[in-house]
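Chemist: work06.txt is reproduced in full below (compact mmCIF, C-alpha atoms and all ligand atoms).
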```txt
# COMPACT_ATOMS: atom_id res chain seq x y z
CA MET A 358 101.38 107.68 104.24
CA LYS A 359 98.61 107.69 106.83
CA GLN A 360 100.67 105.40 109.00
CA VAL A 361 103.72 107.62 108.55
CA HIS A 362 101.61 110.63 109.40
CA ARG A 363 100.59 109.11 112.72
CA HIS A 364 104.25 108.51 113.59
CA VAL A 365 105.12 112.05 112.54
CA ILE A 366 102.56 113.50 114.96
CA ARG A 367 103.78 111.33 117.81
CA MET A 368 107.45 112.03 117.13
CA GLY A 369 106.81 115.73 116.63
CA LYS A 370 105.56 116.02 120.17
CA SER A 371 108.75 114.63 121.67
CA ARG A 372 112.27 116.02 121.58
CA PHE A 373 114.14 112.71 121.19
CA PRO A 374 116.34 112.10 118.17
CA VAL A 375 114.70 110.56 115.11
CA LEU A 376 116.45 108.50 112.47
CA ILE A 377 114.69 108.42 109.09
CA LEU A 378 115.62 105.64 106.68
CA GLY A 379 114.58 105.25 103.09
CA GLU A 380 115.71 105.09 99.49
CA THR A 381 116.36 108.24 97.55
CA GLY A 382 113.24 110.28 96.80
CA THR A 383 111.01 108.58 99.36
CA GLY A 384 110.38 111.85 101.21
CA LYS A 385 112.85 111.80 104.09
CA GLU A 386 113.26 115.55 104.12
CA VAL A 387 109.53 116.12 103.72
CA VAL A 388 108.97 113.94 106.78
CA ALA A 389 111.77 115.59 108.79
CA ARG A 390 110.20 119.00 108.19
CA ALA A 391 106.77 117.63 109.07
CA ILE A 392 108.09 116.33 112.39
CA HIS A 393 109.65 119.71 113.10
CA ASN A 394 106.45 121.52 112.12
CA VAL A 395 104.28 119.63 114.60
CA GLU A 396 105.46 122.01 117.30
CA SER A 397 107.49 124.26 114.99
CA ARG A 398 109.75 125.58 117.66
CA GLY A 399 112.69 127.59 116.37
CA PRO A 400 114.56 127.16 113.09
CA PHE A 401 114.88 124.04 110.94
CA VAL A 402 118.50 123.83 109.83
CA VAL A 403 119.65 121.35 107.20
CA VAL A 404 123.14 119.97 107.63
CA ASP A 405 123.93 118.22 104.37
CA CYS A 406 126.57 115.74 105.46
CA ALA A 407 127.16 114.55 101.89
CA SER A 408 128.08 117.98 100.55
CA LEU A 409 130.21 119.22 103.45
CA VAL A 410 133.83 119.03 102.31
CA ALA A 411 136.09 117.53 104.94
CA PRO A 412 138.40 120.46 105.74
CA LEU A 413 135.54 122.95 105.87
CA MET A 414 133.15 120.69 107.68
CA GLU A 415 134.22 121.66 111.16
CA SER A 416 133.95 125.39 110.60
CA GLU A 417 130.61 124.93 108.80
CA LEU A 418 129.21 122.99 111.74
CA PHE A 419 130.85 124.72 114.69
CA GLY A 420 131.76 128.10 113.26
CA TYR A 421 135.14 129.71 113.73
CA ALA A 422 136.74 132.35 115.92
CA LYS A 423 138.20 135.58 114.63
CA GLY A 424 141.76 134.89 113.48
CA ALA A 425 141.28 131.10 113.49
CA PHE A 426 142.93 130.96 110.06
CA THR A 427 144.03 133.29 107.29
CA GLY A 428 141.04 135.24 106.11
CA ALA A 429 139.00 134.72 109.29
CA HIS A 430 138.60 138.43 109.92
CA ASN A 431 135.47 138.02 111.96
CA GLN A 432 134.03 135.21 113.95
CA LYS A 433 131.42 133.15 112.16
CA LEU A 434 128.66 131.10 113.69
CA GLY A 435 128.20 127.54 112.50
CA LEU A 436 125.13 125.57 111.49
CA LEU A 437 124.79 124.15 114.99
CA ASP A 438 124.58 127.67 116.43
CA ALA A 439 121.91 128.47 113.85
CA ALA A 440 119.87 125.45 114.99
CA ASN A 441 119.72 126.65 118.60
CA GLY A 442 116.19 126.33 119.90
CA GLY A 443 115.05 124.40 116.85
CA THR A 444 115.91 121.30 114.82
CA ALA A 445 119.17 120.27 113.17
CA PHE A 446 118.45 117.90 110.29
CA PHE A 447 121.52 115.82 109.48
CA ASP A 448 120.85 114.73 105.92
CA GLU A 449 122.80 111.76 104.50
CA ILE A 450 124.30 111.14 107.94
CA GLY A 451 125.76 107.88 106.61
CA ASP A 452 128.19 109.91 104.49
CA LEU A 453 129.75 111.64 107.49
CA PRO A 454 133.46 110.73 107.75
CA LEU A 455 134.52 108.82 110.87
CA ASP A 456 136.47 111.69 112.46
CA MET A 457 133.46 113.98 112.13
CA GLN A 458 131.21 111.27 113.52
CA MET A 459 133.29 111.37 116.69
CA LYS A 460 133.04 115.13 116.94
CA LEU A 461 129.32 115.09 116.33
CA LEU A 462 128.86 112.42 118.98
CA ARG A 463 130.60 114.61 121.51
CA VAL A 464 128.35 117.55 120.61
CA LEU A 465 125.24 115.43 120.97
CA GLN A 466 126.38 114.14 124.35
CA GLU A 467 127.45 117.45 125.79
CA LYS A 468 125.30 119.91 123.82
CA GLU A 469 128.43 121.99 123.75
CA PHE A 470 131.19 122.52 121.23
CA ARG A 471 134.11 124.75 120.43
CA ALA A 472 134.31 126.89 117.33
CA VAL A 473 137.43 126.36 115.25
CA GLY A 474 140.26 128.38 116.77
CA SER A 475 138.32 129.15 119.93
CA LEU A 476 139.13 128.05 123.45
CA SER A 477 135.73 128.50 124.97
CA GLN A 478 132.81 126.10 124.80
CA ARG A 479 129.53 127.28 123.34
CA ALA A 480 126.16 125.73 124.01
CA SER A 481 123.44 125.07 121.49
CA ASN A 482 120.25 123.28 122.21
CA PHE A 483 118.65 121.61 119.22
CA ARG A 484 116.56 118.63 118.36
CA VAL A 485 118.29 116.03 116.20
CA ILE A 486 116.74 114.42 113.15
CA ALA A 487 119.01 112.40 110.87
CA ALA A 488 118.33 110.72 107.56
CA THR A 489 120.13 108.34 105.27
CA ASN A 490 119.48 106.12 102.29
CA ARG A 491 122.21 103.74 103.43
CA ASP A 492 121.84 100.65 105.52
CA LEU A 493 123.32 102.20 108.67
CA ALA A 494 123.16 99.00 110.69
CA ALA A 495 125.30 97.32 108.02
CA ASP A 496 127.68 100.29 108.06
CA VAL A 497 128.02 99.87 111.82
CA GLU A 498 128.74 96.19 111.29
CA ALA A 499 131.39 97.05 108.71
CA LYS A 500 132.86 99.69 111.07
CA ARG A 501 132.13 102.49 108.62
CA PHE A 502 129.76 104.09 111.09
CA ARG A 503 130.34 104.48 114.81
CA GLN A 504 128.10 102.28 116.88
CA ASP A 505 127.84 104.81 119.73
CA LEU A 506 126.67 107.53 117.34
CA TYR A 507 124.22 105.11 115.76
CA TYR A 508 122.69 104.33 119.16
CA ARG A 509 122.42 108.00 119.93
CA LEU A 510 120.60 108.82 116.67
CA ASN A 511 118.49 105.69 116.54
CA VAL A 512 116.25 106.53 119.50
CA MET A 513 113.11 106.70 117.39
CA ARG A 514 113.22 105.33 113.90
CA LEU A 515 111.03 105.84 110.88
CA ARG A 516 111.46 103.80 107.73
CA LEU A 517 109.94 105.18 104.54
CA GLY A 518 109.16 102.38 102.16
CA PRO A 519 109.98 102.62 98.47
CA LEU A 520 107.01 103.68 96.37
CA ARG A 521 106.87 100.26 94.66
CA GLU A 522 106.01 98.76 98.05
CA ARG A 523 103.17 101.21 98.73
CA LYS A 524 101.45 101.55 95.41
CA GLN A 525 98.25 102.54 97.25
CA ASP A 526 99.90 105.95 97.75
CA ILE A 527 100.42 106.59 94.05
CA SER A 528 96.96 107.82 93.09
CA ALA A 529 96.81 110.24 96.03
CA LEU A 530 100.27 111.58 95.20
CA VAL A 531 99.30 111.95 91.55
CA LEU A 532 96.24 114.00 92.53
CA HIS A 533 98.38 116.13 94.82
CA PHE A 534 100.95 116.84 92.10
CA LEU A 535 98.25 117.48 89.47
CA GLU A 536 96.72 120.04 91.79
CA ARG A 537 100.09 121.66 92.38
CA TYR A 538 101.47 121.70 88.84
CA GLY A 539 98.50 121.10 86.58
CA ASN A 540 96.14 123.51 84.98
CA GLY A 541 92.93 121.55 85.34
CA HIS A 542 94.67 118.49 83.84
CA LYS A 543 92.96 115.14 84.24
CA LEU A 544 94.24 111.58 83.89
CA SER A 545 92.30 108.63 82.57
CA ASP A 546 92.11 105.47 84.69
CA GLU A 547 94.33 103.82 82.13
CA VAL A 548 97.08 106.34 82.83
CA VAL A 549 96.72 105.95 86.60
CA ASP A 550 96.90 102.16 86.14
CA ALA A 551 100.14 102.52 84.21
CA LEU A 552 101.56 104.87 86.86
CA GLU A 553 100.61 102.41 89.57
CA GLY A 554 102.19 99.58 87.66
CA TYR A 555 105.59 101.21 87.30
CA ASP A 556 108.32 100.54 89.87
CA TRP A 557 109.53 104.13 90.42
CA PRO A 558 113.20 103.56 91.17
CA GLY A 559 113.44 107.32 91.90
CA ASN A 560 110.38 107.03 94.18
CA VAL A 561 108.16 110.06 94.90
CA ARG A 562 110.63 112.48 93.33
CA GLU A 563 110.49 110.59 90.03
CA LEU A 564 106.69 110.52 90.15
CA GLU A 565 106.62 114.26 90.86
CA HIS A 566 108.93 115.02 87.92
CA THR A 567 106.89 112.77 85.64
CA ILE A 568 103.66 114.63 86.42
CA GLN A 569 105.42 117.99 86.07
CA ARG A 570 106.72 117.03 82.65
CA MET A 571 103.43 115.58 81.41
CA VAL A 572 101.61 118.73 82.45
CA ALA A 573 104.22 121.00 80.90
CA MET A 574 104.14 119.23 77.57
CA ASN A 575 100.42 119.02 77.14
CA SER A 576 97.90 121.79 77.54
CA GLY A 577 95.32 119.17 78.45
CA PRO A 578 92.88 118.94 80.02
CA PHE A 579 92.99 115.18 79.33
CA LEU A 580 96.26 113.33 79.51
CA SER A 581 96.31 109.95 77.84
CA LYS A 582 98.67 107.02 77.83
CA GLY A 583 100.56 108.56 74.92
CA ASP A 584 101.62 111.39 77.23
CA LEU A 585 103.39 109.03 79.60
CA PRO A 586 107.19 108.86 79.44
CA SER A 587 108.53 105.86 77.55
CA THR A 588 110.03 104.33 80.72
CA VAL A 589 106.55 104.01 82.24
CA ILE A 590 104.94 102.89 78.96
CA ASN A 591 107.55 100.22 78.30
CA HIS A 592 107.21 98.89 81.81
CA SER A 593 103.46 98.72 81.49
CA LEU A 594 103.79 96.92 78.15
CA GLU A 595 106.23 94.42 79.61
CA ARG A 596 103.77 93.62 82.35
CA GLN A 597 100.99 93.15 79.83
CA PHE A 598 103.13 90.80 77.79
CA GLU A 599 104.14 88.90 80.91
CA ALA A 600 100.55 88.63 82.05
CA HIS A 601 99.63 87.42 78.59
CA ALA A 602 102.39 84.83 78.62
CA ASN A 603 101.30 83.59 82.06
CA GLY A 604 97.67 83.72 81.12
CA THR A 605 97.01 86.09 84.02
CA GLU A 606 95.93 89.17 82.14
CA SER A 607 92.78 90.86 83.32
CA PRO A 608 89.82 90.32 81.04
CA GLY A 609 89.01 93.05 78.61
CA ARG A 610 92.54 94.39 78.43
CA THR A 611 94.10 94.66 75.02
CA VAL A 612 97.26 92.67 74.99
CA GLY A 613 99.91 92.26 72.40
CA LEU A 614 99.86 95.49 70.50
CA PRO A 615 102.01 98.18 72.06
CA SER A 616 99.71 101.13 72.76
CA THR A 617 102.18 103.36 70.95
CA SER A 618 101.28 101.51 67.78
CA HIS A 619 97.62 102.47 68.06
CA GLY A 620 97.34 105.03 65.30
CA GLN A 621 96.26 107.83 67.64
CA ASN A 622 99.55 107.74 69.51
CA ILE A 623 101.76 108.14 66.49
CA LEU A 624 102.95 111.69 66.25
CA PRO A 625 104.50 113.67 63.43
CA LEU A 626 108.27 113.44 63.80
CA ALA A 627 108.54 117.19 64.22
CA GLU A 628 106.11 117.01 67.15
CA VAL A 629 108.20 114.28 68.78
CA GLU A 630 111.28 116.46 68.38
CA LYS A 631 109.49 119.48 69.80
CA ARG A 632 108.32 117.50 72.81
CA ALA A 633 111.80 116.12 73.42
CA ILE A 634 113.22 119.63 73.40
CA LEU A 635 110.54 120.91 75.77
CA ALA A 636 111.09 117.96 78.07
CA ALA A 637 114.84 118.57 78.17
CA LEU A 638 114.38 122.28 78.90
CA GLU A 639 111.81 121.52 81.54
CA TYR A 640 114.13 119.00 83.15
CA THR A 641 117.12 121.34 83.11
CA ARG A 642 114.94 124.28 84.18
CA GLY A 643 115.78 126.19 81.04
CA ASP A 644 119.51 125.49 81.01
CA ARG A 645 120.05 125.26 77.24
CA THR A 646 123.64 124.05 77.38
CA LEU A 647 122.64 121.16 79.59
CA ALA A 648 119.49 120.50 77.55
CA ALA A 649 121.54 120.33 74.34
CA ALA A 650 123.92 117.88 76.01
CA MET A 651 121.01 115.69 77.11
CA LEU A 652 119.54 115.75 73.62
CA ASP A 653 122.96 114.92 72.23
CA ILE A 654 122.94 117.87 69.85
CA GLY A 655 125.05 121.02 69.67
CA ARG A 656 123.95 124.20 71.38
CA THR A 657 123.61 126.04 68.07
CA THR A 658 121.43 123.24 66.71
CA LEU A 659 119.22 123.60 69.76
CA TYR A 660 118.95 127.37 69.22
CA ARG A 661 118.07 126.82 65.57
CA LYS A 662 115.37 124.29 66.43
CA LEU A 663 113.91 126.54 69.12
CA LYS A 664 113.57 129.24 66.53
CA GLU A 665 112.24 126.84 63.91
CA TYR A 666 109.49 125.64 66.23
CA GLY A 667 108.84 129.10 67.61
CA LEU A 668 109.61 127.94 71.14
N1 LIG A 701 104.41 112.32 100.93
C1 LIG A 701 104.76 113.24 100.02
N2 LIG A 701 103.86 114.15 99.61
C2 LIG A 701 104.20 115.08 98.69
N3 LIG A 701 105.40 115.19 98.13
C3 LIG A 701 106.34 114.31 98.51
C4 LIG A 701 106.07 113.29 99.48
N4 LIG A 701 107.19 112.56 99.64
C5 LIG A 701 108.11 113.09 98.84
N5 LIG A 701 107.60 114.14 98.15
C6 LIG A 701 108.31 114.95 97.15
O1 LIG A 701 109.30 114.14 96.53
C7 LIG A 701 110.52 114.81 96.40
C8 LIG A 701 111.60 114.06 97.16
O2 LIG A 701 111.37 114.16 98.56
P1 LIG A 701 112.58 114.33 99.60
O3 LIG A 701 113.55 115.34 99.09
O4 LIG A 701 112.00 114.53 100.94
O5 LIG A 701 113.21 112.87 99.46
P2 LIG A 701 114.50 112.26 100.16
O6 LIG A 701 114.09 110.96 100.74
O7 LIG A 701 115.11 113.28 101.08
O8 LIG A 701 115.44 112.00 98.90
P3 LIG A 701 117.05 111.94 98.84
O9 LIG A 701 117.47 110.69 99.59
O10 LIG A 701 117.32 111.82 97.38
O11 LIG A 701 117.55 113.19 99.46
C9 LIG A 701 110.31 116.22 96.93
O12 LIG A 701 110.11 117.09 95.85
C10 LIG A 701 109.07 116.09 97.79
O13 LIG A 701 108.34 117.28 97.78
MG MG A 702 116.94 114.29 100.98
```
Output the structure of this file as C-alpha cells.
Ligand SMILES: Nc1ncnc2c1ncn2[C@@H]1O[C@H](COP(=O)(O)OP(=O)(O)OP(=O)(O)O)[C@@H](O)[C@H]1O
Ligand SMILES: [Mg+2]

Modeler:
Amino acid sequence: MKQVHRHVIRMGKSRFPVLILGETGTGKEVVARAIHNVESRGPFVVVDCASLVAPLMESELFGYAKGAFTGAHNQKLGLLDAANGGTAFFDEIGDLPLDMQMKLLRVLQEKEFRAVGSLSQRASNFRVIAATNRDLAADVEAKRFRQDLYYRLNVMRLRLGPLRERKQDISALVLHFLERYGNGHKLSDEVVDALEGYDWPGNVRELEHTIQRMVAMNSGPFLSKGDLPSTVINHSLERQFEAHANGTESPGRTVGLPSTSHGQNILPLAEVEKRAILAALEYTRGDRTLAAAMLDIGRTTLYRKLKEYGL
C-alpha cells in the first residue's frame, strides 16, 4: 500500500488519464478517489459502465436535449457535463459495449460531445480515470476492446495486487477496520495469523466484511479464533494439516485437532443459530426476506426465531 500511495501522489499531481487494474475488492475505487483528492479539483463523478443499460447509456453520459424523445420535456445534462472541471471515473470500463467505446473515444479526443437529440457540440473538461477487473490487453487482443481507446486510457497504469499477494497489508487493514467498526475490540496474534493465512478471494472487501461481522457478533473486547468465519478457519486448518503432512509446521503449533474441537469453541446449538441469524441480518443490512433466504428458512420462521431469542 505504501508503494501504491507513492504512485497515487505522483499521479494525483498530473492530469493524464490513469488506468487502474485489479481483481474485485482490491480497492480500485478507493485509489481512484485518492488520486482525485490529491488536488481535489472539482467533482468526482462515477460512471458505472457495467450498470449503464445500452439504450440509456448515451443519454446518461451525454445528456439529452428537450424533445429528444417522448417524455424529454426538459433538457438534461449527462454525467460528462457533471464531471466538468473534475474527474470522471469510468468504473468497469471493460464492460463498455463496442459502439459506446467508439463514442467515448471521440469525446476523449475532442473533449466535446453532443447531447442526444441536440445539434450543437458541448464542451466538458474532465480528468479521466478508468478501472477494470478484466484483462484489458487480452480483450484488445480478442477485439472485444478497441485498441485506440485502450491506448488513450492506458497513459499511466496502476495495478492493485490481490490481497493474497500482499499479505503484509493484512494486519494494517485489520487494525484500520477494527478502529472503524469495532468498539475497543482486540484480536489475538492467533487470529491475525489465521487472517493472514487466508487467500481472500474477495480481497479487501471480504476482509472488511469479515471484521464487520466479527465485531457485530461479539461484544468483545477479545476476539478469538472461534469468532472467525468458517471459511477462514477451514483454510487455516487445511494449511496446518498440509504443513504437518510435509513436516514443515512451525514448532509449538498444535496440529491435528481442529481448533473448533477444543472444548472452549463448542457453542450451545441455540447460540450457533442466534449467531447465524445475526450474521445474515448484518450481511443483508437488516433485510429479513433476504436473510431468511440465505438461512434457507421461511420468513415467518425467521420472525419467530427473532422473537424467541429476543433479537
Ligand atoms: N487500502 C484500503 N484501505 C481501506 N479500505 C480499503 C482499501 N482498499 C479497499 N478498501 C475497502 O474495500 C472495499 C472495496 O474497495 P473498492 O470498492 O475500491 O474495490 P474495487 O476494486 O473497486 O472492487 P470492484 O472491482 O468489486 O468494484 C471498500 O469498502 C473499501 O473501502
Ligand atoms: Mg469498484

Chemist: Kindly compile the residues surrounding ligand LIG 701 (chain A) within 7 Å, counting all atoms listed in the file, and format them as a ChimeraX atom specification.

Modeler: /A:358,379-388,489-490,530,561-562,565

Chemist: Give me, as a ChimeraX atom specification, all polymer residues having an atom no more than 10 Å from Leu535 in chain A, counting all atoms listed in the file and skipping those fewer than 6 positions away in the same chain.

Modeler: /A:529,541-544,565,568-569,571-572

Chemist: Compile the contact shell of Leu493 in chain A as an NGL selection string: residues with an atom at most 9 Å away, counting all atoms listed in the file, same-chain residues fewer than 3 positions apart removed.

Modeler: :A and (378 or 451 or 489-490 or 496-498 or 501-502 or 507)

Chemist: So, with all atoms listed in the file as the atoms that count, which of A:Leu434, A:Ala425, A:Gly399, A:Gly559 lies closest to ligand MG 702 (chain A)?

Modeler: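 Among A:Leu434, A:Ala425, A:Gly399, A:Gly559, it is A:Gly559 that comes nearest to ligand MG 702 (chain A).
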
Chemist: Could you pull the residues within 10 Å of range 485-488 of chain A, counting only C-alpha atoms, minus those fewer than 6 positions along the same chain, as a ChimeraX atom specification?

Modeler: /A:372-379,385-386,388-390,392-393,403-406,440,443-451,465,509-511,513-516

Chemist: Out of A:Phe419, A:Leu520, A:Arg491, A:Ala573, which residue has the shortest atom-to-atom distance to Ser477 in chain A when counting only C-alpha atoms?

Modeler: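 Using only C-alpha atoms, Ser477 in chain A sits closest to A:Phe419.
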
Chemist: Tell me, in Å to one decimal, how far CA of Gln478 in chain A is from CA of Ala439 in chain A.

Modeler: 15.6 Å

Chemist: A:Arg523, A:Arg656, A:Lys582, A:Arg398: which is nearest Gln360 in chain A, counting only C-alpha atoms?

Modeler: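 Between A:Arg523, A:Arg656, A:Lys582, A:Arg398, the residue approaching Gln360 in chain A most closely is A:Arg523.
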
Chemist: Select, from A:Gln458, A:Ala407, A:Asn575, A:Ser416, the residue with the minimum atom-to-atom distance to ligand MG 702 (chain A), counting all atoms listed in the file.

Modeler: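 For ligand MG 702 (chain A), the nearest of the given residues is A:Ala407.
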
Chemist: Using all atoms listed in the file, find the one residue out of A:Ser371, A:Ala648, A:Asn560, A:Val410 that sits nearest to ligand MG 702 (chain A).

Modeler: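 Among the listed residues, A:Asn560 lies closest to ligand MG 702 (chain A).
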
Chemist: Just give me the gap between CA of Leu461 in chain A and CA of Phe426 in chain A in Å, one decimal is fine.

Modeler: 21.8 Å

Chemist: Identify which of the residues A:Ser408, A:Leu437, A:Asn394, A:Asn591 lies closest to ligand MG 702 (chain A), counting all atoms listed in the file when measuring atom-to-atom distances.

Modeler: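 For ligand MG 702 (chain A), the nearest of the candidates is A:Ser408.
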
Chemist: Place N, CA and C atoms on range 420-453 of chain A and deliver the coordinates as a tab-separated table (two decimals), keeping the file's coordinate frame.

Modeler:
```
chain	number	residue	atom	x	y	z
A	420	GLY	N	131.36	126.71	113.39
A	420	GLY	CA	131.76	128.10	113.26
A	420	GLY	C	133.24	128.27	113.54
A	421	TYR	N	133.74	129.48	113.40
A	421	TYR	CA	135.14	129.71	113.73
A	421	TYR	C	135.32	131.03	114.46
A	422	ALA	N	136.43	131.12	115.17
A	422	ALA	CA	136.74	132.35	115.92
A	422	ALA	C	137.50	133.30	115.02
A	423	LYS	N	137.43	134.57	115.36
A	423	LYS	CA	138.20	135.58	114.63
A	423	LYS	C	139.68	135.19	114.68
A	424	GLY	N	140.33	135.20	113.53
A	424	GLY	CA	141.76	134.89	113.48
A	424	GLY	C	142.08	133.41	113.54
A	425	ALA	N	141.06	132.55	113.41
A	425	ALA	CA	141.28	131.10	113.49
A	425	ALA	C	142.18	130.63	112.34
A	426	PHE	N	142.05	131.28	111.20
A	426	PHE	CA	142.93	130.96	110.06
A	426	PHE	C	142.99	132.18	109.16
A	427	THR	N	143.88	132.15	108.18
A	427	THR	CA	144.03	133.29	107.29
A	427	THR	C	142.69	133.61	106.65
A	428	GLY	N	142.30	134.86	106.74
A	428	GLY	CA	141.04	135.24	106.11
A	428	GLY	C	139.88	135.24	107.08
A	429	ALA	N	140.08	134.71	108.29
A	429	ALA	CA	139.00	134.72	109.29
A	429	ALA	C	139.02	136.05	110.03
A	430	HIS	N	138.52	137.08	109.34
A	430	HIS	CA	138.60	138.43	109.92
A	430	HIS	C	137.59	138.64	111.04
A	431	ASN	N	136.50	137.92	110.92
A	431	ASN	CA	135.47	138.02	111.96
A	431	ASN	C	135.08	136.62	112.40
A	432	GLN	N	134.49	136.53	113.56
A	432	GLN	CA	134.03	135.21	113.95
A	432	GLN	C	132.80	134.86	113.12
A	433	LYS	N	132.60	133.58	112.92
A	433	LYS	CA	131.42	133.15	112.16
A	433	LYS	C	130.73	132.05	112.94
A	434	LEU	N	129.41	132.14	113.00
A	434	LEU	CA	128.66	131.10	113.69
A	434	LEU	C	128.45	129.92	112.75
A	435	GLY	N	128.40	128.74	113.31
A	435	GLY	CA	128.20	127.54	112.50
A	435	GLY	C	126.74	127.13	112.43
A	436	LEU	N	126.50	126.06	111.66
A	436	LEU	CA	125.13	125.57	111.49
A	436	LEU	C	124.51	125.15	112.82
A	437	LEU	N	125.34	124.61	113.71
A	437	LEU	CA	124.79	124.15	114.99
A	437	LEU	C	124.37	125.32	115.88
A	438	ASP	N	125.04	126.47	115.73
A	438	ASP	CA	124.58	127.67	116.43
A	438	ASP	C	123.22	128.10	115.87
A	439	ALA	N	123.13	128.03	114.52
A	439	ALA	CA	121.91	128.47	113.85
A	439	ALA	C	120.72	127.62	114.27
A	440	ALA	N	120.98	126.37	114.64
A	440	ALA	CA	119.87	125.45	114.99
A	440	ALA	C	119.40	125.63	116.43
A	441	ASN	N	120.07	126.47	117.18
A	441	ASN	CA	119.72	126.65	118.60
A	441	ASN	C	118.23	126.93	118.79
A	442	GLY	N	117.61	126.14	119.62
A	442	GLY	CA	116.19	126.33	119.90
A	442	GLY	C	115.29	125.63	118.89
A	443	GLY	N	115.87	125.04	117.87
A	443	GLY	CA	115.05	124.40	116.85
A	443	GLY	C	115.53	122.98	116.55
A	444	THR	N	115.55	122.66	115.25
A	444	THR	CA	115.91	121.30	114.82
A	444	THR	C	117.12	121.35	113.89
A	445	ALA	N	118.08	120.46	114.14
A	445	ALA	CA	119.17	120.27	113.17
A	445	ALA	C	118.88	118.97	112.43
A	446	PHE	N	118.74	119.08	111.11
A	446	PHE	CA	118.45	117.90	110.29
A	446	PHE	C	119.73	117.46	109.60
A	447	PHE	N	120.29	116.34	110.05
A	447	PHE	CA	121.52	115.82	109.48
A	447	PHE	C	121.17	114.90	108.32
A	448	ASP	N	121.24	115.48	107.10
A	448	ASP	CA	120.85	114.73	105.92
A	448	ASP	C	122.03	113.89	105.44
A	449	GLU	N	121.76	112.69	104.95
A	449	GLU	CA	122.80	111.76	104.50
A	449	GLU	C	123.85	111.55	105.58
A	450	ILE	N	123.38	111.30	106.80
A	450	ILE	CA	124.30	111.14	107.94
A	450	ILE	C	125.29	110.01	107.69
A	451	GLY	N	124.89	109.01	106.89
A	451	GLY	CA	125.76	107.88	106.61
A	451	GLY	C	127.02	108.27	105.85
A	452	ASP	N	127.03	109.46	105.26
A	452	ASP	CA	128.19	109.91	104.49
A	452	ASP	C	129.18	110.70	105.35
A	453	LEU	N	128.87	110.86	106.62
A	453	LEU	CA	129.75	111.64	107.49
A	453	LEU	C	131.04	110.85	107.76
```
